[in-house]
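Below is one structure; the comments refer to it alone.
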Amino acid sequence: MQGILSIDMKKRRHDRLAFYASVKNFRTTISLKSYIHQGDLGPFNPGLPVDVPVWLALNLKQRQKCRIVPPEWMDVEKLEEMRELERKEDTFTPVPSPYYMELTKLLLNHASDNIPKADEIRTLVKDIWDTRIAKLRLSADSFISQQEAHAKLDNLTLMEINTIRSLLLDSLNCMFKLRSNLQPGSSKGQFMDY
Amino acid sequence: MFITDIRKDFYEVVANQRVALLVASDIDALCACKILQALFHCDQIQYTLVPVTGWQDLGTAFLEHKEQFRYFVLINCGANVDLLEMLQPDDDSIFFICDTHRPVDVVNVYNDTQIKLLIKQDDDLGVPSYDDIFRDDDDEEGDDSGNESDEGSEPSGKRRRFDEQYLVLLILSTMTELMLMFHLFHRREILFDYEQYEYHGTSAAMMFFELAWVLTKDTKDMLWWAVIGLTDQWVHDKITHMKYVTDIATMQRHVSRHNHRNEDEENSLSIDCMRISFEYDLRLTLYQHWSLYESICNSCYTSCSFKLWTLNGQKKLQEFLADMGLPLKQVRQKFNSMDMSIKENLRDVIEESSNKYGMKDIRIQTFGVHFGFKNRFLASDMVHAAAALLESAEKDESNSDNFIKALDALSRSNLERLHSGIDLAKKKLMAVQQTVASCICTNLILSQGPFLYCYLMEGTPDVKLFSKPMALTLLCKYLLKAFVHSTRNKRCRLLPLIMAAPKDVDKGTVIVVGIPPESETSDKKNFFGRAFEKAAESTSSRTLHDHFDTSIIELKSEDRSKFLDALITLLS
């Protein structure tokens with residue numbers, strides 16, 4: 001039993017992601033103990049909250065066997081604070097969770113009736129995402145135009161890296177090609193194609 | 001036999017088995033199927049879905065699947081015939097039948113092993129008691145053996161006594177024969193009374209919703225499907241108004257229960273969540289997805305009350321609109337683009353004005369659903385859309401394709417399909433109105449004595465639409481209502497209507513539908529099923545009684561006239 005989730009086209013490199021949400025089970029008659037990759041699960045007792053992988057949580061939710069308790073950071077006030085912090089700082093601030101965007105999307109699509117103020121949370125997370133992507137674009141732009149050799153960025157999540165990955169790599173490749181053609185010694189007027 | 005505990009006797013029996021679902025082609029069955037599918041998905045019960053359109057389809061489907069499946073669930077088919085005789089199943093096949101067709105065949109009621117009926121034992125079933133219909137043969141033998149023992153106890157009786165004994169025996173045997181004959185006659189009479197009228201019972205979708213509720217797995221989606229199933233029965237005029245109102249009250253209890261579950265002052269639900277609300281809304285078909293003017297022109301109730309096929313009627317409509325203060329330009333626009341000031345009090349304004357024009361029941365109790373920012377639908381909108389998709393007369397699409405499309409349109413995630421269904425429904429309604437108008441204006445409805453008769457010629461526009469049973473029945477009902485409003489002959493208003501339309505030009509068949517007379521207090525009981533059978537027998541016409549509703553048959557066009565004559569003699 002692998003936690004295989006394909007969430008977004010951008011995440012083509014991420015074949016297997018397992019992350020945890022807290023799931024509260026009720027009116028279930030499962031009292032199984034299952035052995036999966038990351039360890040054991042269960043036993044599930046009705047009425048007691050249990051931590052399970054997200055894929056199992058969503059499956060159980062769709063089969064109406066459980067209720068999902070949102071993670072602590074998925075709260076309107078906390079997200080508002082984070083958004084303000086993000087807007088103030090020039091660099092990236094620490095994120096609520098390394099998979100905040102994916103979790104929000106999954107949980108709000110399937111379990112929005114268990115999450116209070118789901119619409120506001122969706123807007124807040126989108127705002128945080130937009131701010132961070134804008135900063136990322138700005139820094140990638142300056143990196144390429146100033147022809148830097150290396151850069152260090154803190155607090156980026158995997159999904160944000162993925163959005164910029166192909167653009168950054170392709171543009172750097174182009175820059176390299178152009179630079180190597182401009183150097184003396186190489187045959188003029190011949191542009192090497194890969 | 002009737003199932004009392006639906007969870008124990010049905011759901012837990014099929015819980016670990018593979019089930020074949022045989023579903024009839026009407027919207028109530030589709031909704032029931034959706035609810036059952038959702039329940040099966042929750043508990044990972046394997047099933048095979050087979051859409052069936054008639055008895056032949058049902059037989060073929062059963063033959064195909066009887067090797068692999070032991071449990072069959074029949075939705076809206078199978079209760080009104082002797083199923084075991086028709087299908088000849090093996091002894092271990094078990095049938096769960098949830099059907100709205102009444103009367104339920106007596107063999108199905110009293111079979112204890114193979115037939116399980118998922119039907120509530122309401123008061124209105126009126127099934128004759130076992131003793132009235134089935135006679136045990138033991139009684140007869142008991143009499144004989146009693147006689148013999150009498151005889152035997154006096155082996156060497158005097159000859160006179162022997163003669164007496166013999167006489168007594170003779171009298172007793174004649175009496176038993178007479179009793180048997182009387183019993184048979186009585187039985188035939190009881191069965192005739194029981195099976196004479198055909199009508200409909202509680203919606204199948206509501207039955208399955210109750211199952212979901214008992215299992216505490218009911219969701220708002222399932223509740224919405226149950227509401228659509230009930231509304232289908234009302235739109236297609238299958239149940240009385242009283243029954244509809246009672247069932248709406250039942251559904252209203254469930255709706256309030258669901259609405260109070262999650263709503264809170266602080267934690268309001270996301271806009272994407274489904275909200276079902278009780279509406280006391282207008283009886284104008286599809287008016288929120290059309291313009292108000294079009295909707296008034298194409299809804300049966302308003303069109304018949306105004307008599308919109310006459311010039312006078314058109315004028316009255318203009319007066320009506322003027323009376324309400326609605327400018328024509330606004331009213332002809334799409335409903336969503338009308339001015340907010342007009343839309344706000346629209347229902348009350350229309351109700352007030354329609355009371356002046358003799359339309360007392362312009363508003364009807366129903367439910368509406370609301371999810372996302374744009375999507376608002378009334379239950380009757382969904383019924384019309386799904387019905388149009390189910391019977392769309394495209395050439396390349398088979399029955400099962402249409403079935404699947406209609407089934408998809410009922411899910412929340414397939415909104416484009418639903419909208420395409422609504423467009424098809426609009427075209428269908430306009431075709432119905434135009435056909436009604438032309439039939440009335442050209443006096444195509446003839447009184448044949450005990451009933452009215454109307455035949456749609458082959459060249460009529462949109463006649464392909466009316467080769468399907470549900471569409472033709474809808475047309476039939478609208479036509480009868482319009483006729484009742486337009487005729488001056490008081491006797492004709494109380495007559496039932498038979499309508500025929502060409503079904504298959506190559507094979508030369510017509511589809512014939514009979515509906516009961518139109519009245520305020522009609523109990524919607526239809527006697528044409530038996531009448532058609534008898535007429536076909538007596539004239540040996542080539543008919544096909546394939547549809548689950550016995551009042552809809554297929555007939556060869558050449559036999560039309562003799563069939564009708566037989567009917568006239570039968571019913572007069």
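Going through the structure tokens in order, the chains are called A, B, and so on, while each chain numbers its residues from 1 and the ligands are numbered from 1 in the order shown.
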Quick one: residues within 8 Å of segment 330-346 of chain B, only C-alpha atoms, excluding same-chain residues fewer than 4 positions away - as a ChimeraX atom specification?
/B:287-294,326,350
Mind dumping the selected residues with all heavy atoms as an mmCIF file, in the first residue's frame?
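New file again_21.cif:
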data_model
loop_
_atom_site.group_PDB
_atom_site.id
_atom_site.type_symbol
_atom_site.label_atom_id
_atom_site.label_comp_id
_atom_site.auth_asym_id
_atom_site.auth_seq_id
_atom_site.Cartn_x
_atom_site.Cartn_y
_atom_site.Cartn_z
ATOM 1 N N TYR B 287 -38.426 27.946 -15.557
ATOM 2 C CA TYR B 287 -38.451 29.401 -15.755
ATOM 3 C C TYR B 287 -37.151 30.092 -15.364
ATOM 4 O O TYR B 287 -36.833 31.158 -15.879
ATOM 5 C CB TYR B 287 -39.645 30.038 -15.035
ATOM 6 C CG TYR B 287 -39.515 30.265 -13.548
ATOM 7 C CD1 TYR B 287 -39.122 31.503 -13.038
ATOM 8 C CD2 TYR B 287 -39.827 29.259 -12.658
ATOM 9 C CE1 TYR B 287 -39.039 31.713 -11.684
ATOM 10 C CE2 TYR B 287 -39.741 29.468 -11.298
ATOM 11 C CZ TYR B 287 -39.354 30.699 -10.817
ATOM 12 O OH TYR B 287 -39.270 30.905 -9.476
ATOM 13 N N GLN B 288 -36.376 29.454 -14.478
ATOM 14 C CA GLN B 288 -35.129 30.126 -14.097
ATOM 15 C C GLN B 288 -34.031 29.929 -15.119
ATOM 16 O O GLN B 288 -32.966 30.529 -15.011
ATOM 17 C CB GLN B 288 -34.660 29.598 -12.745
ATOM 18 C CG GLN B 288 -35.525 30.123 -11.629
ATOM 19 C CD GLN B 288 -35.183 29.486 -10.305
ATOM 20 O OE1 GLN B 288 -34.379 28.568 -10.242
ATOM 21 N NE2 GLN B 288 -35.784 29.975 -9.254
ATOM 22 N N HIS B 289 -34.262 29.044 -16.091
ATOM 23 C CA HIS B 289 -33.225 28.813 -17.086
ATOM 24 C C HIS B 289 -33.678 29.265 -18.454
ATOM 25 O O HIS B 289 -33.074 28.949 -19.457
ATOM 26 C CB HIS B 289 -32.887 27.315 -17.129
ATOM 27 C CG HIS B 289 -32.507 26.796 -15.789
ATOM 28 N ND1 HIS B 289 -31.226 26.883 -15.304
ATOM 29 C CD2 HIS B 289 -33.234 26.225 -14.823
ATOM 30 C CE1 HIS B 289 -31.198 26.371 -14.084
ATOM 31 N NE2 HIS B 289 -32.403 25.971 -13.774
ATOM 32 N N TRP B 290 -34.760 29.990 -18.502
ATOM 33 C CA TRP B 290 -35.396 30.396 -19.736
ATOM 34 C C TRP B 290 -35.854 31.840 -19.519
ATOM 35 O O TRP B 290 -35.552 32.433 -18.505
ATOM 36 C CB TRP B 290 -36.623 29.506 -19.942
ATOM 37 C CG TRP B 290 -36.871 29.059 -21.322
ATOM 38 C CD1 TRP B 290 -36.285 29.532 -22.478
ATOM 39 C CD2 TRP B 290 -37.788 28.061 -21.728
ATOM 40 N NE1 TRP B 290 -36.793 28.870 -23.538
ATOM 41 C CE2 TRP B 290 -37.721 27.977 -23.128
ATOM 42 C CE3 TRP B 290 -38.681 27.221 -21.049
ATOM 43 C CZ2 TRP B 290 -38.492 27.084 -23.854
ATOM 44 C CZ3 TRP B 290 -39.451 26.348 -21.764
ATOM 45 C CH2 TRP B 290 -39.354 26.289 -23.157
ATOM 46 N N SER B 291 -36.603 32.357 -20.434
ATOM 47 C CA SER B 291 -37.185 33.654 -20.130
ATOM 48 C C SER B 291 -38.579 33.416 -19.563
ATOM 49 O O SER B 291 -39.205 32.401 -19.845
ATOM 50 C CB SER B 291 -37.271 34.501 -21.392
ATOM 51 O OG SER B 291 -38.243 33.964 -22.236
ATOM 52 N N LEU B 292 -39.053 34.358 -18.792
ATOM 53 C CA LEU B 292 -40.347 34.182 -18.124
ATOM 54 C C LEU B 292 -41.462 34.009 -19.143
ATOM 55 O O LEU B 292 -42.364 33.177 -18.990
ATOM 56 C CB LEU B 292 -40.613 35.400 -17.244
ATOM 57 C CG LEU B 292 -41.732 35.264 -16.218
ATOM 58 C CD1 LEU B 292 -41.442 34.104 -15.302
ATOM 59 C CD2 LEU B 292 -41.837 36.536 -15.412
ATOM 60 N N TYR B 293 -41.368 34.746 -20.225
ATOM 61 C CA TYR B 293 -42.413 34.688 -21.246
ATOM 62 C C TYR B 293 -42.485 33.307 -21.879
ATOM 63 O O TYR B 293 -43.548 32.698 -22.005
ATOM 64 C CB TYR B 293 -42.110 35.741 -22.308
ATOM 65 C CG TYR B 293 -43.189 35.894 -23.340
ATOM 66 C CD1 TYR B 293 -44.371 36.550 -23.036
ATOM 67 C CD2 TYR B 293 -43.032 35.384 -24.622
ATOM 68 C CE1 TYR B 293 -45.369 36.691 -23.972
ATOM 69 C CE2 TYR B 293 -44.023 35.522 -25.562
ATOM 70 C CZ TYR B 293 -45.189 36.177 -25.232
ATOM 71 O OH TYR B 293 -46.178 36.311 -26.158
ATOM 72 N N GLU B 294 -41.317 32.779 -22.260
ATOM 73 C CA GLU B 294 -41.284 31.457 -22.879
ATOM 74 C C GLU B 294 -41.825 30.413 -21.919
ATOM 75 O O GLU B 294 -42.534 29.487 -22.298
ATOM 76 C CB GLU B 294 -39.841 31.087 -23.229
ATOM 77 C CG GLU B 294 -39.228 31.912 -24.314
ATOM 78 C CD GLU B 294 -39.557 31.361 -25.675
ATOM 79 O OE1 GLU B 294 -40.165 30.286 -25.750
ATOM 80 O OE2 GLU B 294 -39.204 32.020 -26.649
ATOM 81 N N LEU B 326 -45.227 44.004 -15.582
ATOM 82 C CA LEU B 326 -43.943 43.535 -16.101
ATOM 83 C C LEU B 326 -43.798 43.974 -17.555
ATOM 84 O O LEU B 326 -44.597 43.575 -18.392
ATOM 85 C CB LEU B 326 -43.873 42.013 -16.045
ATOM 86 C CG LEU B 326 -43.977 41.385 -14.656
ATOM 87 C CD1 LEU B 326 -43.984 39.880 -14.782
ATOM 88 C CD2 LEU B 326 -42.827 41.827 -13.787
ATOM 89 N N ILE B 350 -46.916 37.242 -9.154
ATOM 90 C CA ILE B 350 -47.554 36.324 -10.101
ATOM 91 C C ILE B 350 -48.717 35.613 -9.437
ATOM 92 O O ILE B 350 -49.776 35.420 -10.048
ATOM 93 C CB ILE B 350 -46.530 35.309 -10.656
ATOM 94 C CG1 ILE B 350 -45.568 36.016 -11.593
ATOM 95 C CG2 ILE B 350 -47.222 34.187 -11.373
ATOM 96 C CD1 ILE B 350 -44.669 35.108 -12.360
#
Set the distance at 12 Å and use only C-alpha atoms: which residues neighbour Pro461 of chain B once local chain neighbours fewer than 5 positions away are removed? I'd like the list as a short mmCIF file (atom, residue, chain, number, x, y, z; two decimals) with N, CA, C and O atoms, in the first residue's frame.
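The file below, result.cif, is the result:
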data_model
loop_
_atom_site.label_atom_id
_atom_site.label_comp_id
_atom_site.auth_asym_id
_atom_site.auth_seq_id
_atom_site.Cartn_x
_atom_site.Cartn_y
_atom_site.Cartn_z
N LYS B 428 -38.07 20.08 -26.32
CA LYS B 428 -39.14 19.10 -26.19
C LYS B 428 -40.44 19.77 -25.76
O LYS B 428 -41.51 19.51 -26.31
N MET B 430 -41.32 22.89 -26.17
CA MET B 430 -41.88 23.70 -27.25
C MET B 430 -42.56 22.81 -28.28
O MET B 430 -43.64 23.13 -28.79
N ALA B 431 -41.94 21.66 -28.58
CA ALA B 431 -42.57 20.74 -29.54
C ALA B 431 -43.91 20.26 -29.01
O ALA B 431 -44.89 20.18 -29.75
N VAL B 432 -43.96 19.96 -27.70
CA VAL B 432 -45.22 19.49 -27.12
C VAL B 432 -46.30 20.56 -27.26
O VAL B 432 -47.42 20.28 -27.68
N GLN B 433 -45.95 21.79 -26.93
CA GLN B 433 -46.96 22.86 -27.01
C GLN B 433 -47.45 23.07 -28.42
O GLN B 433 -48.65 23.27 -28.66
N GLN B 434 -46.52 23.03 -29.38
CA GLN B 434 -46.94 23.25 -30.76
C GLN B 434 -47.84 22.12 -31.24
O GLN B 434 -48.84 22.35 -31.93
N THR B 435 -47.49 20.90 -30.85
CA THR B 435 -48.33 19.77 -31.26
C THR B 435 -49.71 19.88 -30.63
O THR B 435 -50.72 19.63 -31.28
N VAL B 436 -49.74 20.25 -29.35
CA VAL B 436 -51.03 20.41 -28.67
C VAL B 436 -51.87 21.46 -29.39
O VAL B 436 -53.05 21.27 -29.68
N SER B 438 -51.67 22.50 -32.47
CA SER B 438 -52.14 22.09 -33.79
C SER B 438 -53.24 21.05 -33.68
O SER B 438 -54.22 21.08 -34.42
N CYS B 439 -53.12 20.13 -32.72
CA CYS B 439 -54.17 19.11 -32.57
C CYS B 439 -55.50 19.74 -32.21
O CYS B 439 -56.54 19.34 -32.71
N LEU B 456 -51.33 10.90 -34.30
CA LEU B 456 -50.36 11.83 -34.87
C LEU B 456 -49.87 11.28 -36.19
O LEU B 456 -49.29 10.21 -36.25
N PHE B 466 -41.96 11.92 -30.25
CA PHE B 466 -43.09 11.29 -29.60
C PHE B 466 -43.17 9.80 -29.86
O PHE B 466 -44.20 9.19 -29.62
N ALA B 501 -49.01 7.25 -32.01
CA ALA B 501 -48.01 7.97 -32.79
C ALA B 501 -47.12 6.96 -33.48
O ALA B 501 -46.91 5.86 -32.96
#
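Counting only C-alpha atoms, every residue of chain A that comes within 7 Å of chain B is listed here: Arg63, Gln64, Ser112, Asp113, Pro116, Lys117, Ala118 and Asp119 of chain A.
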List every residue of segment 165-377 of chain B that DSSP, applied to the backbone of this structure, assigns to strand (DSSP E or B), and report them as a ChimeraX atom specification.
/B:198-200,275-282,291,334,363-371,375-377
How far is it from atom CA of Arg102 of chain B to atom CA of Thr550 of chain B, in Å with one decimal?
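Between these atoms lies a distance of 10.6 Å.
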Exercise: Pro89 of chain B partners within 12 Å, only C-alpha atoms, chain neighbours under 6 positions left out, as a ChimeraX atom specification
/B:59,62-67,69-72,82-83,95,114-115
What's the 7 Å shell around Pro502 of chain B, counting only C-alpha atoms, without same-chain residues fewer than 3 positions away, as a list in words?
Glu458, Ser467, Val505, Thr509, Val510 and Ile511 of chain B
The selected residues should be written to file as a compact mmCIF listing (two decimals), in the first residue's frame (atoms: N, CA and C atoms).
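Okay, selection_3.txt is ready:
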# COMPACT_ATOMS: atom_id res chain seq x y z
N GLU B 458 -47.66 10.84 -39.69
CA GLU B 458 -46.23 10.73 -39.81
C GLU B 458 -45.53 12.03 -40.13
N SER B 467 -42.10 9.22 -30.39
CA SER B 467 -42.10 7.77 -30.51
C SER B 467 -41.62 7.14 -29.22
N VAL B 505 -40.96 3.54 -38.57
CA VAL B 505 -41.55 3.61 -39.91
C VAL B 505 -41.25 2.36 -40.72
N THR B 509 -44.94 0.22 -37.23
CA THR B 509 -45.63 0.09 -35.95
C THR B 509 -45.96 1.47 -35.40
N VAL B 510 -46.99 1.47 -34.57
CA VAL B 510 -47.32 2.71 -33.85
C VAL B 510 -47.26 2.40 -32.36
N ILE B 511 -47.04 3.45 -31.59
CA ILE B 511 -47.06 3.30 -30.15
C ILE B 511 -48.36 3.90 -29.65
Determine, counting only C-alpha atoms, which protein, DNA and RNA residues have an atom within 8 Å of an atom of segment 533-549 of chain B; residues of the same chain fewer than 3 positions away are not included. Present the result as a PyMOL selection string.
chain B and resi 53-56+77-78+101+529-530+552-556+559+562-563+566-567+570
Just the residues within 12 Å of Glu352 of chain B, please, counting only C-alpha atoms, with nothing from its chain fewer than 2 positions along; format it as a PyMOL selection string.
chain B and resi 282+320-321+323-324+345-350+354-363
What would the file look like if the residues just selected were written as a PDB file, in the first residue's frame with N, CA and C atoms?
ATOM      1  N   LEU B 282     -43.116  28.630  -8.280  1.00  0.00           N
ATOM      2  CA  LEU B 282     -44.100  28.711  -9.355  1.00  0.00           C
ATOM      3  C   LEU B 282     -44.109  27.437 -10.179  1.00  0.00           C
ATOM      4  N   PHE B 320     -52.419  39.867 -18.709  1.00  0.00           N
ATOM      5  CA  PHE B 320     -51.880  39.329 -17.463  1.00  0.00           C
ATOM      6  C   PHE B 320     -50.535  39.963 -17.141  1.00  0.00           C
ATOM      7  N   LEU B 321     -49.690  40.052 -18.169  1.00  0.00           N
ATOM      8  CA  LEU B 321     -48.377  40.636 -17.944  1.00  0.00           C
ATOM      9  C   LEU B 321     -48.492  42.117 -17.606  1.00  0.00           C
ATOM     10  N   ASP B 323     -51.033  43.480 -16.200  1.00  0.00           N
ATOM     11  CA  ASP B 323     -51.625  43.571 -14.862  1.00  0.00           C
ATOM     12  C   ASP B 323     -50.558  43.492 -13.781  1.00  0.00           C
ATOM     13  N   MET B 324     -49.547  42.684 -14.052  1.00  0.00           N
ATOM     14  CA  MET B 324     -48.483  42.544 -13.060  1.00  0.00           C
ATOM     15  C   MET B 324     -47.480  43.672 -13.139  1.00  0.00           C
ATOM     16  N   ASN B 345     -39.896  40.169  -5.910  1.00  0.00           N
ATOM     17  CA  ASN B 345     -41.220  39.765  -5.450  1.00  0.00           C
ATOM     18  C   ASN B 345     -41.989  38.999  -6.485  1.00  0.00           C
ATOM     19  N   LEU B 346     -41.265  38.439  -7.422  1.00  0.00           N
ATOM     20  CA  LEU B 346     -41.931  37.858  -8.576  1.00  0.00           C
ATOM     21  C   LEU B 346     -43.000  36.842  -8.195  1.00  0.00           C
ATOM     22  N   ARG B 347     -42.649  35.949  -7.276  1.00  0.00           N
ATOM     23  CA  ARG B 347     -43.588  34.873  -6.972  1.00  0.00           C
ATOM     24  C   ARG B 347     -44.897  35.411  -6.418  1.00  0.00           C
ATOM     25  N   ASP B 348     -44.796  36.361  -5.496  1.00  0.00           N
ATOM     26  CA  ASP B 348     -46.037  36.873  -4.901  1.00  0.00           C
ATOM     27  C   ASP B 348     -46.849  37.643  -5.917  1.00  0.00           C
ATOM     28  N   VAL B 349     -46.167  38.417  -6.742  1.00  0.00           N
ATOM     29  CA  VAL B 349     -46.869  39.210  -7.752  1.00  0.00           C
ATOM     30  C   VAL B 349     -47.622  38.296  -8.715  1.00  0.00           C
ATOM     31  N   ILE B 350     -46.916  37.242  -9.154  1.00  0.00           N
ATOM     32  CA  ILE B 350     -47.554  36.324 -10.101  1.00  0.00           C
ATOM     33  C   ILE B 350     -48.717  35.613  -9.437  1.00  0.00           C
ATOM     34  N   SER B 354     -52.442  35.765 -10.866  1.00  0.00           N
ATOM     35  CA  SER B 354     -53.020  34.550 -11.443  1.00  0.00           C
ATOM     36  C   SER B 354     -54.306  34.173 -10.739  1.00  0.00           C
ATOM     37  N   ASN B 355     -54.445  34.591  -9.482  1.00  0.00           N
ATOM     38  CA  ASN B 355     -55.727  34.333  -8.823  1.00  0.00           C
ATOM     39  C   ASN B 355     -56.852  35.037  -9.549  1.00  0.00           C
ATOM     40  N   LYS B 356     -56.549  36.229 -10.075  1.00  0.00           N
ATOM     41  CA  LYS B 356     -57.589  36.960 -10.801  1.00  0.00           C
ATOM     42  C   LYS B 356     -57.967  36.257 -12.095  1.00  0.00           C
ATOM     43  N   TYR B 357     -57.012  35.522 -12.675  1.00  0.00           N
ATOM     44  CA  TYR B 357     -57.282  34.883 -13.955  1.00  0.00           C
ATOM     45  C   TYR B 357     -57.692  33.439 -13.805  1.00  0.00           C
ATOM     46  N   GLY B 358     -58.022  33.048 -12.606  1.00  0.00           N
ATOM     47  CA  GLY B 358     -58.565  31.708 -12.411  1.00  0.00           C
ATOM     48  C   GLY B 358     -57.526  30.629 -12.221  1.00  0.00           C
ATOM     49  N   MET B 359     -56.285  30.993 -12.004  1.00  0.00           N
ATOM     50  CA  MET B 359     -55.263  29.964 -11.796  1.00  0.00           C
ATOM     51  C   MET B 359     -54.945  29.942 -10.310  1.00  0.00           C
ATOM     52  N   LYS B 360     -55.650  29.089  -9.588  1.00  0.00           N
ATOM     53  CA  LYS B 360     -55.483  29.125  -8.143  1.00  0.00           C
ATOM     54  C   LYS B 360     -54.218  28.444  -7.673  1.00  0.00           C
ATOM     55  N   ASP B 361     -53.734  27.465  -8.454  1.00  0.00           N
ATOM     56  CA  ASP B 361     -52.598  26.682  -7.951  1.00  0.00           C
ATOM     57  C   ASP B 361     -51.346  26.961  -8.720  1.00  0.00           C
ATOM     58  N   ILE B 362     -51.021  28.213  -8.917  1.00  0.00           N
ATOM     59  CA  ILE B 362     -49.834  28.489  -9.705  1.00  0.00           C
ATOM     60  C   ILE B 362     -48.575  28.152  -8.923  1.00  0.00           C
ATOM     61  N   ARG B 363     -48.690  28.039  -7.606  1.00  0.00           N
ATOM     62  CA  ARG B 363     -47.510  27.706  -6.820  1.00  0.00           C
ATOM     63  C   ARG B 363     -47.619  26.293  -6.297  1.00  0.00           C
TER      64      ARG B 363
END
Could you check the closest approach to Gln448 of chain B for each of B:Leu564, B:Thr487, B:Gln17, B:Leu410 and tell me which residue wins, using only C-alpha atoms?
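Using only C-alpha atoms, the shortest distance to Gln448 of chain B belongs to B:Leu564.
The nearest approach to Thr310 of chain B among the residues B:Ala437, B:Gln37, B:Tyr11, B:Ile498, with only C-alpha atoms taken into account, belongs to B:Ala437.
The interatomic distance for the pair atom CA of Val214 of chain B and atom CA of Ile75 of chain B works out to 19.3 Å.
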With DSSP run on the backbone, what are the alpha helix (DSSP H) residues within segment 62-120 of chain A? I'd like them as a PyMOL selection string.
chain A and resi 62+76-88+100-110+118-120
For segment 89-105 of chain A, work out the shell of residues within 7 Å, counting only C-alpha atoms and skipping chain neighbours fewer than 4 positions away, then give it as a ChimeraX atom specification.
/A:73,85,109,132,154-155,157
Those residues you just picked out, can you put them in a file as a CSV table (one decimal), in the first residue's frame with C-alpha atoms?
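Result file again-v7.csv:
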chain,number,residue,atom,x,y,z
A,73,TRP,CA,-2.3,25.7,11.0
A,85,LEU,CA,4.2,38.4,7.6
A,109,ASN,CA,-12.1,19.6,-2.3
A,132,ARG,CA,5.5,33.7,-2.5
A,154,ASP,CA,15.3,29.5,2.4
A,155,ASN,CA,11.9,28.2,3.2
A,157,THR,CA,8.4,24.3,-0.6
In Å to one decimal, how far is atom CA of Ala111 of chain A from atom CA of Glu81 of chain A?
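The value is 24.1 Å.
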